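Here is the file input.txt (compact mmCIF, C-alpha atoms).
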```txt
# COMPACT_ATOMS: atom_id res chain seq x y z
CA MET A 17 -39.19 12.31 -14.12
CA LEU A 18 -35.70 10.82 -14.04
CA GLN A 19 -35.46 7.39 -15.66
CA SER A 20 -32.94 5.25 -13.78
CA LYS A 21 -30.08 3.65 -15.68
CA LEU A 22 -30.13 0.79 -13.16
CA PRO A 23 -33.78 0.44 -12.14
CA ASP A 24 -33.30 -3.11 -10.87
CA VAL A 25 -30.34 -2.27 -8.62
CA GLY A 26 -30.84 -1.47 -4.95
CA VAL A 27 -28.57 -1.37 -1.91
CA SER A 28 -25.93 -4.10 -2.19
CA ILE A 29 -26.39 -7.32 -0.23
CA PHE A 30 -23.12 -6.61 1.59
CA THR A 31 -24.50 -3.35 2.96
CA GLN A 32 -27.83 -5.01 3.76
CA MET A 33 -26.25 -7.83 5.76
CA THR A 34 -23.87 -5.48 7.56
CA LEU A 35 -26.82 -3.30 8.58
CA LEU A 36 -28.68 -6.42 9.75
CA ALA A 37 -25.63 -7.44 11.77
CA GLN A 38 -25.57 -4.02 13.42
CA GLU A 39 -29.30 -4.15 14.07
CA THR A 40 -29.23 -7.64 15.61
CA GLY A 41 -25.79 -7.65 17.22
CA ALA A 42 -24.75 -10.51 14.94
CA ILE A 43 -21.09 -11.29 14.30
CA ASN A 44 -20.41 -9.94 10.81
CA LEU A 45 -18.94 -12.68 8.61
CA ALA A 46 -20.81 -11.23 5.63
CA GLN A 47 -18.86 -8.26 4.29
CA GLY A 48 -15.34 -9.01 3.11
CA PHE A 49 -13.15 -7.04 5.46
CA PRO A 50 -10.75 -8.06 8.26
CA ASP A 51 -11.40 -7.16 11.89
CA TYR A 52 -7.68 -6.55 12.49
CA ASP A 53 -5.44 -3.62 11.56
CA PRO A 54 -2.83 -3.25 8.84
CA PRO A 55 0.83 -4.02 9.68
CA ARG A 56 2.25 -1.68 12.32
CA GLU A 57 4.98 -0.36 10.01
CA LEU A 58 2.38 0.67 7.45
CA MET A 59 0.30 2.57 10.00
CA GLU A 60 3.43 4.27 11.32
CA ALA A 61 4.43 5.25 7.79
CA LEU A 62 0.98 6.75 7.22
CA ALA A 63 1.23 8.76 10.44
CA ARG A 64 4.68 9.97 9.44
CA HIS A 65 3.56 11.13 6.01
CA ALA A 66 0.42 12.73 7.42
CA ARG A 67 2.81 15.01 9.37
CA THR A 68 5.07 15.70 6.38
CA PRO A 69 4.64 19.14 4.76
CA GLY A 70 3.62 18.93 1.12
CA HIS A 71 2.08 15.46 1.38
CA HIS A 72 -1.49 16.69 1.50
CA GLN A 73 -1.83 17.96 -2.05
CA TYR A 74 -2.68 16.17 -5.29
CA ALA A 75 -0.45 13.28 -6.25
CA PRO A 76 0.36 12.85 -9.95
CA MET A 77 -2.61 11.46 -11.86
CA PRO A 78 -1.07 7.99 -12.58
CA GLY A 79 0.18 7.67 -9.00
CA LEU A 80 3.34 8.66 -7.15
CA PRO A 81 6.39 7.66 -9.22
CA ARG A 82 8.05 6.12 -6.16
CA LEU A 83 5.01 3.93 -5.51
CA ARG A 84 4.77 2.83 -9.14
CA ASP A 85 8.51 2.03 -9.07
CA ALA A 86 8.02 -0.08 -5.94
CA ILE A 87 5.04 -1.90 -7.48
CA ALA A 88 7.02 -2.68 -10.63
CA ALA A 89 9.95 -4.02 -8.62
CA GLN A 90 7.75 -6.29 -6.51
CA VAL A 91 5.79 -7.59 -9.49
CA ALA A 92 9.07 -8.41 -11.24
CA ARG A 93 10.27 -10.38 -8.20
CA LEU A 94 7.00 -12.28 -7.76
CA GLN A 95 6.43 -12.89 -11.49
CA ALA A 96 9.94 -13.71 -12.61
CA ASP A 97 8.64 -15.41 -15.77
CA ALA A 98 7.04 -12.18 -17.03
CA PRO A 99 8.74 -8.91 -18.00
CA GLU A 100 8.86 -6.16 -15.39
CA PRO A 101 6.08 -3.65 -16.03
CA ASP A 102 7.19 -0.13 -16.95
CA PRO A 103 6.09 2.07 -14.04
CA ALA A 104 5.82 5.10 -16.30
CA THR A 105 3.57 3.59 -18.97
CA GLU A 106 2.03 0.40 -17.56
CA ILE A 107 1.04 1.03 -13.92
CA THR A 108 -1.78 3.29 -12.73
CA VAL A 109 -2.65 3.77 -9.05
CA THR A 110 -6.41 3.88 -8.54
CA ALA A 111 -8.97 4.45 -5.80
CA GLY A 112 -9.18 0.76 -5.03
CA ALA A 113 -9.52 -2.01 -7.58
CA THR A 114 -13.18 -0.96 -7.87
CA GLU A 115 -12.26 2.29 -9.60
CA ALA A 116 -9.73 0.48 -11.77
CA LEU A 117 -12.39 -1.99 -12.86
CA TYR A 118 -14.86 0.76 -13.68
CA ALA A 119 -12.20 2.73 -15.57
CA VAL A 120 -11.34 -0.31 -17.69
CA LEU A 121 -14.98 -0.95 -18.55
CA ALA A 122 -15.61 2.73 -19.34
CA ALA A 123 -12.50 2.84 -21.50
CA VAL A 124 -13.11 -0.21 -23.68
CA VAL A 125 -16.81 -1.16 -23.67
CA ARG A 126 -19.08 0.56 -26.17
CA PRO A 127 -22.85 0.22 -26.56
CA GLY A 128 -23.69 -3.24 -27.83
CA ASP A 129 -20.34 -4.77 -26.93
CA GLU A 130 -20.57 -8.08 -25.11
CA VAL A 131 -18.61 -8.81 -21.93
CA LEU A 132 -18.18 -12.40 -20.78
CA VAL A 133 -18.68 -12.79 -17.02
CA PHE A 134 -18.14 -15.97 -15.03
CA GLU A 135 -20.83 -16.50 -12.40
CA PRO A 136 -21.11 -16.38 -9.46
CA ALA A 137 -19.60 -12.91 -9.83
CA TYR A 138 -18.94 -9.91 -7.64
CA ASP A 139 -22.07 -7.76 -7.80
CA LEU A 140 -20.26 -4.74 -9.29
CA TYR A 141 -19.51 -6.43 -12.61
CA GLY A 142 -22.95 -6.52 -14.24
CA PRO A 143 -24.10 -2.98 -13.37
CA ALA A 144 -20.75 -1.45 -14.36
CA ILE A 145 -20.94 -3.17 -17.75
CA ARG A 146 -24.52 -2.05 -18.31
CA LEU A 147 -23.69 1.56 -17.44
CA GLN A 148 -21.38 1.59 -20.48
CA GLY A 149 -24.14 0.21 -22.72
CA GLY A 150 -22.44 -3.19 -22.75
CA VAL A 151 -24.20 -6.54 -22.66
CA PRO A 152 -23.07 -8.99 -19.95
CA ARG A 153 -22.95 -12.58 -21.21
CA TYR A 154 -22.88 -14.94 -18.27
CA VAL A 155 -21.26 -18.37 -18.03
CA ARG A 156 -22.01 -20.35 -14.88
CA LEU A 157 -19.12 -21.95 -13.01
CA PRO A 158 -20.25 -25.37 -11.76
CA ALA A 159 -20.08 -26.08 -8.04
CA PRO A 160 -18.35 -27.34 -5.99
CA HIS A 161 -15.05 -26.52 -7.71
CA PHE A 162 -16.18 -23.49 -9.78
CA ARG A 163 -13.77 -24.21 -12.64
CA PRO A 164 -14.79 -23.03 -16.13
CA ASP A 165 -16.53 -25.40 -18.51
CA TRP A 166 -14.61 -24.30 -21.60
CA GLU A 167 -17.11 -25.80 -24.03
CA ALA A 168 -19.81 -23.66 -22.42
CA VAL A 169 -17.52 -20.63 -22.68
CA ARG A 170 -16.93 -21.26 -26.39
CA ARG A 171 -20.67 -21.24 -27.02
CA VAL A 172 -20.94 -17.73 -25.54
CA VAL A 173 -17.95 -16.05 -27.21
CA SER A 174 -18.91 -14.25 -30.40
CA PRO A 175 -17.55 -11.58 -32.75
CA ARG A 176 -19.25 -9.06 -30.43
CA THR A 177 -17.21 -10.19 -27.41
CA ARG A 178 -15.17 -7.16 -26.37
CA LEU A 179 -13.91 -8.26 -22.96
CA VAL A 180 -13.59 -11.37 -20.80
CA MET A 181 -13.65 -10.80 -17.04
CA VAL A 182 -11.64 -13.22 -14.90
CA ASN A 183 -11.47 -13.19 -11.10
CA THR A 184 -8.71 -15.30 -9.55
CA PRO A 185 -8.72 -16.24 -6.71
CA HIS A 186 -12.45 -16.09 -7.19
CA ASN A 187 -14.98 -14.28 -5.03
CA PRO A 188 -17.06 -15.93 -3.60
CA SER A 189 -15.73 -19.49 -4.14
CA GLY A 190 -11.96 -19.11 -3.81
CA ALA A 191 -11.40 -21.08 -7.04
CA ILE A 192 -8.19 -20.26 -8.90
CA PHE A 193 -7.40 -20.08 -12.60
CA THR A 194 -4.82 -22.76 -13.39
CA ALA A 195 -2.20 -22.80 -16.14
CA GLU A 196 -4.62 -24.98 -18.13
CA ASP A 197 -7.39 -22.39 -17.72
CA TRP A 198 -5.16 -19.54 -18.91
CA HIS A 199 -4.10 -21.70 -21.86
CA GLU A 200 -7.71 -22.43 -22.80
CA LEU A 201 -8.59 -18.74 -22.59
CA ALA A 202 -5.65 -17.83 -24.80
CA ARG A 203 -6.71 -20.44 -27.37
CA LEU A 204 -10.25 -19.13 -27.29
CA LEU A 205 -9.23 -15.51 -27.89
CA ALA A 206 -6.52 -16.16 -30.48
CA GLY A 207 -7.25 -14.24 -33.65
CA THR A 208 -9.82 -11.99 -31.97
CA ASP A 209 -9.68 -8.41 -30.71
CA ALA A 210 -11.20 -9.33 -27.34
CA LEU A 211 -9.45 -8.06 -24.23
CA VAL A 212 -9.12 -9.55 -20.73
CA LEU A 213 -9.83 -7.90 -17.39
CA SER A 214 -8.18 -10.03 -14.69
CA ASP A 215 -9.38 -9.11 -11.20
CA GLU A 216 -6.56 -10.41 -8.98
CA VAL A 217 -7.25 -8.60 -5.73
CA TYR A 218 -6.72 -11.82 -3.72
CA GLU A 219 -3.57 -12.61 -5.71
CA HIS A 220 -1.39 -13.61 -2.74
CA LEU A 221 -4.04 -15.80 -1.10
CA VAL A 222 -3.42 -19.10 -2.92
CA PHE A 223 -3.35 -22.17 -0.68
CA ASP A 224 -2.02 -25.71 -0.39
CA GLY A 225 1.15 -25.00 -2.34
CA ALA A 226 -0.66 -24.27 -5.60
CA PRO A 227 1.18 -21.87 -7.92
CA ARG A 228 -0.22 -18.38 -8.12
CA MET A 229 -0.66 -17.39 -11.77
CA SER A 230 -1.53 -14.00 -13.23
CA ALA A 231 -2.78 -13.14 -16.69
CA ARG A 232 0.53 -11.27 -17.07
CA GLN A 233 2.40 -14.57 -16.87
CA HIS A 234 0.78 -15.95 -20.00
CA PRO A 235 2.68 -14.51 -23.00
CA GLU A 236 -0.30 -14.67 -25.37
CA LEU A 237 -2.62 -12.91 -22.93
CA ARG A 238 -0.24 -10.31 -21.52
CA GLU A 239 -0.66 -7.87 -24.39
CA ARG A 240 -4.45 -7.91 -24.18
CA SER A 241 -4.88 -7.93 -20.39
CA PHE A 242 -5.69 -5.40 -17.69
CA VAL A 243 -4.56 -6.84 -14.34
CA LEU A 244 -6.07 -5.34 -11.19
CA SER A 245 -4.71 -5.57 -7.67
CA SER A 246 -5.63 -4.17 -4.26
CA PHE A 247 -3.47 -2.90 -1.44
CA GLY A 248 -6.62 -3.00 0.68
CA LYS A 249 -6.76 -6.80 0.46
CA THR A 250 -3.00 -7.32 0.67
CA TYR A 251 -2.44 -5.07 3.70
CA HIS A 252 -5.75 -5.57 5.59
CA ALA A 253 -6.66 -1.95 4.82
CA THR A 254 -9.88 -2.08 2.80
CA GLY A 255 -10.84 1.38 4.04
CA TRP A 256 -7.81 2.96 2.38
CA LYS A 257 -9.24 2.22 -1.08
CA VAL A 258 -5.92 2.04 -2.94
CA GLY A 259 -5.36 -0.35 -5.82
CA TYR A 260 -3.66 -0.39 -9.18
CA CYS A 261 -3.99 -1.52 -12.77
CA ILE A 262 -1.17 -3.05 -14.81
CA ALA A 263 -1.63 -3.13 -18.58
CA PRO A 264 0.43 -2.63 -21.76
CA PRO A 265 1.08 1.03 -22.65
CA ALA A 266 -1.71 1.39 -25.22
CA LEU A 267 -4.28 -0.08 -22.82
CA THR A 268 -2.94 1.91 -19.87
CA ALA A 269 -3.31 5.12 -21.86
CA GLU A 270 -7.03 4.42 -22.26
CA VAL A 271 -7.49 3.60 -18.58
CA ARG A 272 -5.81 6.85 -17.63
CA ARG A 273 -8.09 8.83 -19.96
CA VAL A 274 -10.99 7.69 -17.77
CA HIS A 275 -9.18 7.68 -14.42
CA GLN A 276 -8.20 11.35 -14.73
CA PHE A 277 -11.87 12.36 -14.97
CA VAL A 278 -13.23 9.95 -12.34
CA THR A 279 -10.75 10.22 -9.47
CA PHE A 280 -7.80 12.08 -11.00
CA ALA A 281 -5.46 11.19 -8.11
CA VAL A 282 -5.43 8.89 -5.11
CA ASN A 283 -4.86 9.93 -1.49
CA THR A 284 -1.27 11.21 -1.28
CA PRO A 285 -0.19 10.20 2.28
CA THR A 286 -1.38 6.62 1.76
CA GLN A 287 0.60 6.36 -1.46
CA HIS A 288 3.76 7.52 0.32
CA ALA A 289 3.17 5.07 3.16
CA LEU A 290 2.65 2.15 0.79
CA ALA A 291 5.76 3.13 -1.18
CA ASP A 292 7.85 3.13 2.01
CA VAL A 293 6.66 -0.34 3.06
CA LEU A 294 6.95 -1.89 -0.39
CA ALA A 295 10.44 -0.48 -0.94
CA ALA A 296 11.63 -1.73 2.46
CA ASP A 297 10.25 -5.24 2.00
CA THR A 298 12.75 -6.34 -0.65
CA THR A 299 12.15 -10.05 0.06
CA ASP A 300 8.36 -9.56 -0.20
CA ALA A 301 7.96 -11.25 3.17
CA HIS A 302 4.50 -9.79 3.74
CA ALA A 303 3.08 -10.77 0.35
CA ARG A 304 4.69 -14.21 0.44
CA GLY A 305 3.44 -14.83 3.98
CA LEU A 306 -0.22 -14.11 3.23
CA ALA A 307 -0.93 -17.57 1.83
CA HIS A 308 0.12 -19.25 5.08
CA PHE A 309 -1.61 -16.59 7.19
CA TYR A 310 -4.98 -17.05 5.49
CA GLN A 311 -4.66 -20.79 4.93
CA GLN A 312 -4.30 -21.13 8.69
CA LYS A 313 -7.45 -19.08 9.20
CA ARG A 314 -9.28 -21.19 6.63
CA ASP A 315 -8.23 -24.40 8.36
CA GLU A 316 -9.09 -23.07 11.81
CA PHE A 317 -12.55 -21.97 10.72
CA ARG A 318 -13.29 -25.25 8.94
CA ALA A 319 -12.12 -27.23 11.98
CA LEU A 320 -14.46 -25.23 14.21
CA LEU A 321 -17.44 -26.25 12.06
CA VAL A 322 -16.60 -29.94 11.62
CA GLY A 323 -19.44 -32.13 12.85
CA ALA A 324 -21.89 -29.23 13.04
CA GLY A 325 -23.86 -30.23 9.94
CA TRP A 326 -22.38 -27.75 7.46
CA ASP A 327 -21.31 -29.01 4.03
CA LEU A 328 -18.11 -27.00 3.52
CA LEU A 329 -16.95 -26.56 -0.06
CA PRO A 330 -13.24 -26.52 -0.99
CA VAL A 331 -11.40 -23.19 -0.62
CA PRO A 332 -8.29 -23.06 -2.85
CA GLY A 333 -7.74 -19.33 -2.26
CA GLY A 334 -9.17 -16.01 -1.10
CA TYR A 335 -10.75 -15.48 2.32
CA PHE A 336 -14.28 -16.79 1.93
CA GLN A 337 -15.83 -20.13 2.82
CA LEU A 338 -18.90 -21.40 0.97
CA ALA A 339 -21.21 -23.82 2.75
CA ARG A 340 -24.39 -25.73 2.02
CA TYR A 341 -27.03 -25.57 4.75
CA GLY A 342 -29.44 -28.28 3.56
CA ALA A 343 -29.06 -30.19 6.82
CA PHE A 344 -30.69 -27.26 8.65
CA SER A 345 -33.26 -25.76 6.31
CA SER A 346 -35.00 -25.90 2.94
CA ASP A 347 -35.39 -22.09 2.88
CA ASN A 348 -33.99 -20.05 0.03
CA ASP A 349 -30.53 -18.73 0.75
CA LEU A 350 -31.60 -15.15 1.49
CA ALA A 351 -34.22 -16.28 4.02
CA PHE A 352 -31.69 -18.60 5.62
CA ALA A 353 -29.05 -15.84 5.83
CA GLN A 354 -31.59 -13.55 7.51
CA HIS A 355 -32.47 -16.36 9.92
CA LEU A 356 -28.80 -16.86 10.81
CA ALA A 357 -28.37 -13.18 11.61
CA ARG A 358 -31.57 -12.84 13.64
CA ASP A 359 -31.71 -16.19 15.40
CA LYS A 360 -28.10 -17.39 15.53
CA GLY A 361 -26.29 -14.07 15.68
CA VAL A 362 -24.03 -14.61 12.64
CA ALA A 363 -24.32 -12.54 9.45
CA VAL A 364 -23.42 -14.19 6.13
CA VAL A 365 -24.04 -13.51 2.43
CA PRO A 366 -26.47 -15.59 0.34
CA VAL A 367 -24.65 -16.71 -2.79
CA SER A 368 -27.69 -16.21 -5.06
CA THR A 369 -26.85 -12.49 -4.98
CA PHE A 370 -23.73 -13.27 -7.03
CA TYR A 371 -25.92 -14.42 -9.95
CA HIS A 372 -27.69 -12.03 -12.32
CA ASP A 373 -30.79 -14.24 -12.33
CA GLY A 374 -30.80 -15.05 -8.61
CA PHE A 375 -29.78 -18.69 -9.15
CA ASP A 376 -30.05 -20.35 -5.74
CA ASP A 377 -27.90 -23.44 -5.18
CA GLY A 378 -28.40 -23.49 -1.41
CA LEU A 379 -25.09 -21.82 -0.56
CA ILE A 380 -24.01 -19.08 1.83
CA ARG A 381 -20.67 -17.29 2.12
CA PHE A 382 -18.67 -16.79 5.32
CA CYS A 383 -15.70 -14.38 5.51
CA PHE A 384 -12.92 -15.90 7.64
CA ALA A 385 -10.62 -12.85 7.52
CA LYS A 386 -11.22 -12.39 11.24
CA GLU A 387 -9.40 -12.69 14.55
CA ARG A 388 -9.44 -16.17 16.09
CA ASN A 389 -11.71 -15.04 18.93
CA THR A 390 -14.23 -13.74 16.35
CA LEU A 391 -14.21 -17.07 14.52
CA ASP A 392 -14.51 -18.97 17.81
CA ALA A 393 -17.51 -16.90 18.88
CA ALA A 394 -19.18 -17.29 15.48
CA ALA A 395 -18.62 -21.05 15.44
CA THR A 396 -20.11 -21.37 18.93
CA ARG A 397 -23.26 -19.58 17.76
CA LEU A 398 -23.46 -21.67 14.59
CA GLN A 399 -23.27 -24.89 16.57
CA ARG A 400 -26.09 -23.98 18.94
CA ASP A 401 -29.36 -25.91 18.69
```
Any chance you could put this one into structure tokens?
Amino acid sequence: MLQSKLPDVGVSIFTQMTLLAQETGAINLAQGFPDYDPPRELMEALARHARTPGHHQYAPMPGLPRLRDAIAAQVARLQADAPEPDPATEITVTAGATEALYAVLAAVVRPGDEVLVFEPAYDLYGPAIRLQGGVPRYVRLPAPHFRPDWEAVRRVVSPRTRLVMVNTPHNPSGAIFTAEDWHELARLLAGTDALVLSDEVYEHLVFDGAPRMSARQHPELRERSFVLSSFGKTYHATGWKVGYCIAPPALTAEVRRVHQFVTFAVNTPTQHALADVLAADTTDAHARGLAHFYQQKRDEFRALLVGAGWDLLPVPGGYFQLARYGAFSSDNDLAFAQHLARDKGVAVVPVSTFYHDGFDDGLIRFCFAKERNTLDAAATRLQRD
């Protein structure tokens, strides 16, 4: 009989709530995807390259050179205080940030190594660490602001710490790592061999004029950091599953050793399409405009729920809104989320699923990356008696 490597892992909560939404006809504010299409010029570029002879065969393993060149140029413009990454030795195009994350963990984590994870955390992190024989060491981020308690972090870091996983802007809370946080992390890791995996898939979604900071922009962390990004999040194209990893040459070499045997190469027409759009957008208008675009959606959604009894937590970035529901129910968060889908017609995610031990702080997560009419309809249902 086969003995499972992940006996405690079932179907993800995102899939469960999406299936419940389909079953009940609920508006799906659970799974993190937009209900609008990518920019027109990107879809047109994809159609053009789908008709181009020779664009249906394997791309080079690290990614198309023209796409890696365009990524490097944009990163240099947006992170002027950090050196431009070398597209040949520091950028790898992956099948979404998910594959990049798995490749990093497979490349650097050995049995018994400890990986520091801030919770709540995206549900992929723990299982992917355990599949490498690693030991997740969790540090809870205190609500409502979900900023690290650095004294608590210091108590967890040990000589066995191989990797620290950072997610900024943070899923599910939207919290962002500040310059002070990066400084504290650098102080903590000074003199150690620990590495950093910085999951920055919502990198452009930083609100209220706050500076957007990457691990690459901290000189003491740059040489030990893998930075992950996602075209799916940036271009409203989660189904394309295209992301990339930026890391120093020695770290990139290890990621590519894994990537070549997991995915080998990413969809060729999509890479050409993304290269066209990135190369044409020399002022980075799309990336720079995302903060305003999603801040407006955040503000619209919050305004729709004002006075309806929800305790809405702050959202500094990303495209999720956390809310307390204590005014409506004393149920656990999973039971309440199921009630919302079945009885109110709105699907959400219970935040306890972002904790390895099921910690329940009475919070649910809404995704506001939706058209205004979707948010209006959801708010109407949520306000019903």
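For the atom pair formed by CA of Ala98 in chain A and CA of Ala195 in chain A, the distance is 14.1 Å, given to one decimal.
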Do you have, as JSON lines, the list of residues of range 158-235 of chain A lying at most 12 Å from range 383-388 of chain A, each with its nearest atom pair and that distance in Å to one decimal, counting only C-alpha atoms and ordered by chain then number?
```
{"residue": "A:Asn187", "atom": "CA", "partner": "A:Cys383", "partner_atom": "CA", "distance": 10.6}
{"residue": "A:Pro188", "atom": "CA", "partner": "A:Cys383", "partner_atom": "CA", "distance": 9.3}
{"residue": "A:Ser189", "atom": "CA", "partner": "A:Cys383", "partner_atom": "CA", "distance": 10.9}
{"residue": "A:Gly190", "atom": "CA", "partner": "A:Cys383", "partner_atom": "CA", "distance": 11.1}
{"residue": "A:Tyr218", "atom": "CA", "partner": "A:Ala385", "partner_atom": "CA", "distance": 11.9}
{"residue": "A:Leu221", "atom": "CA", "partner": "A:Ala385", "partner_atom": "CA", "distance": 11.2}
```
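The set of protein, DNA and RNA residues with any counted atom at most 12 Å from (-15.8, -27.0, -23.7) (all atoms listed in the file) reads Val155, Arg163, Pro164, Asp165, Trp166, Glu167, Ala168, Val169, Arg170, Arg171, Val172, Val173, Asp197, Glu200, Leu201, Arg203 and Leu204 of chain A.
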For Ala92 in chain A, list every protein, DNA or RNA residue within 12 Å, evaluated using only C-alpha atoms, and leave out those in the same chain fewer than 5 positions away; present the list as an NGL selection string.
:A and (85-87 or 97-103 or 232-233 or 298-300)
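When all atoms listed in the file are used to measure the gap to His308 in chain A, the shortest distance among A:Leu62, A:Leu140, A:Val222, A:Val120 belongs to A:Val222.
If you look at CA of Phe336 in chain A and CA of Gln311 in chain A, they are 10.8 Å away from each other.
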Find the residue from A:Phe370, A:Pro50, A:Val282, A:Pro78 that sits nearest to Tyr310 in chain A; use all atoms listed in the file when measuring.
A:Pro50
Using all atoms listed in the file, the best pick from A:Ala137, A:Leu320, A:Val365, A:Leu83 as closest to Asn389 in chain A would be A:Leu320
Measuring between all atoms listed in the file, which one of A:Thr68, A:Thr250, A:Gln148, A:Thr177 shows the shortest distance to Arg304 in chain A?
A:Thr250
Contacts of Leu147 in chain A at 12 Å or less, counting all atoms listed in the file, minus same-chain residues fewer than 4 places along, as an MDAnalysis selection string?
chainID A and resid 20:23 25 118:119 121:123 125:129 140:143 151:152
Determine, counting all atoms listed in the file, which protein, DNA and RNA residues have an atom within 7 Å of an atom of range 259-264 of chain A; residues of the same chain fewer than 6 positions away are not included. Present the result as a VMD selection string.
chain A and resid 106 to 113 116 239 241 to 247
Could you save those same residues with C-alpha atoms as a PDB file, in the frame of the given file?
```
ATOM      1  CA  GLU A 106       2.030   0.400 -17.560  1.00  0.00           C
ATOM      2  CA  ILE A 107       1.040   1.030 -13.920  1.00  0.00           C
ATOM      3  CA  THR A 108      -1.780   3.290 -12.730  1.00  0.00           C
ATOM      4  CA  VAL A 109      -2.650   3.770  -9.050  1.00  0.00           C
ATOM      5  CA  THR A 110      -6.410   3.880  -8.540  1.00  0.00           C
ATOM      6  CA  ALA A 111      -8.970   4.450  -5.800  1.00  0.00           C
ATOM      7  CA  GLY A 112      -9.180   0.760  -5.030  1.00  0.00           C
ATOM      8  CA  ALA A 113      -9.520  -2.010  -7.580  1.00  0.00           C
ATOM      9  CA  ALA A 116      -9.730   0.480 -11.770  1.00  0.00           C
ATOM     10  CA  GLU A 239      -0.660  -7.870 -24.390  1.00  0.00           C
ATOM     11  CA  SER A 241      -4.880  -7.930 -20.390  1.00  0.00           C
ATOM     12  CA  PHE A 242      -5.690  -5.400 -17.690  1.00  0.00           C
ATOM     13  CA  VAL A 243      -4.560  -6.840 -14.340  1.00  0.00           C
ATOM     14  CA  LEU A 244      -6.070  -5.340 -11.190  1.00  0.00           C
ATOM     15  CA  SER A 245      -4.710  -5.570  -7.670  1.00  0.00           C
ATOM     16  CA  SER A 246      -5.630  -4.170  -4.260  1.00  0.00           C
ATOM     17  CA  PHE A 247      -3.470  -2.900  -1.440  1.00  0.00           C
TER      18      PHE A 247
END
```
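What separates CA of Glu39 in chain A from CA of Arg314 in chain A is a distance of 27.3 Å.
Minimum atom-to-atom distances from A:Ala351, A:Pro69, A:Ala104, A:His220 to Ala301 in chain A were compared using only C-alpha atoms, and the lowest value belongs to A:His220.
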Range 312-322 of chain A: axis-aligned bounding box, 5 Å on each side, centre and edge lengths in Å, one decimal, as JSON:
```
{"center_x": -10.9, "center_y": -24.5, "center_z": 10.4, "size_x": 23.1, "size_y": 20.9, "size_z": 17.6}
```
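Residue neighbourhood of Thr369 in chain A, excluding near-sequence residues (fewer than 4 positions): Ser28, Ile29, Pro136, Ala137, Tyr138, Asp139, Leu350, Val365, Asp373, Gly374, Phe375 and Asp376 of chain A, at 9 Å, using all atoms listed in the file.
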Between A:Glu216, A:Asp377, A:Asp24, A:Asp359, which has the minimum distance to Ala42 in chain A (counting all atoms listed in the file)?
A:Asp359
Extract, using all atoms listed in the file, all DNA, RNA and protein residues at most 12 Å from Ile43 in chain A, discarding same-chain residues fewer than 2 positions from it, and format them as number ranges by chain.
A: 33-41, 45-47, 51, 356-364, 382-384, 386-387, 389-398
Could you please give me, as a ChimeraX atom specification, the residues of protein, DNA or RNA lying at most 12 Å from (-15.0, -29.5, 4.9) in the coordinate frame of the file, considering all atoms listed in the file?
/A:160,314-331,337-340
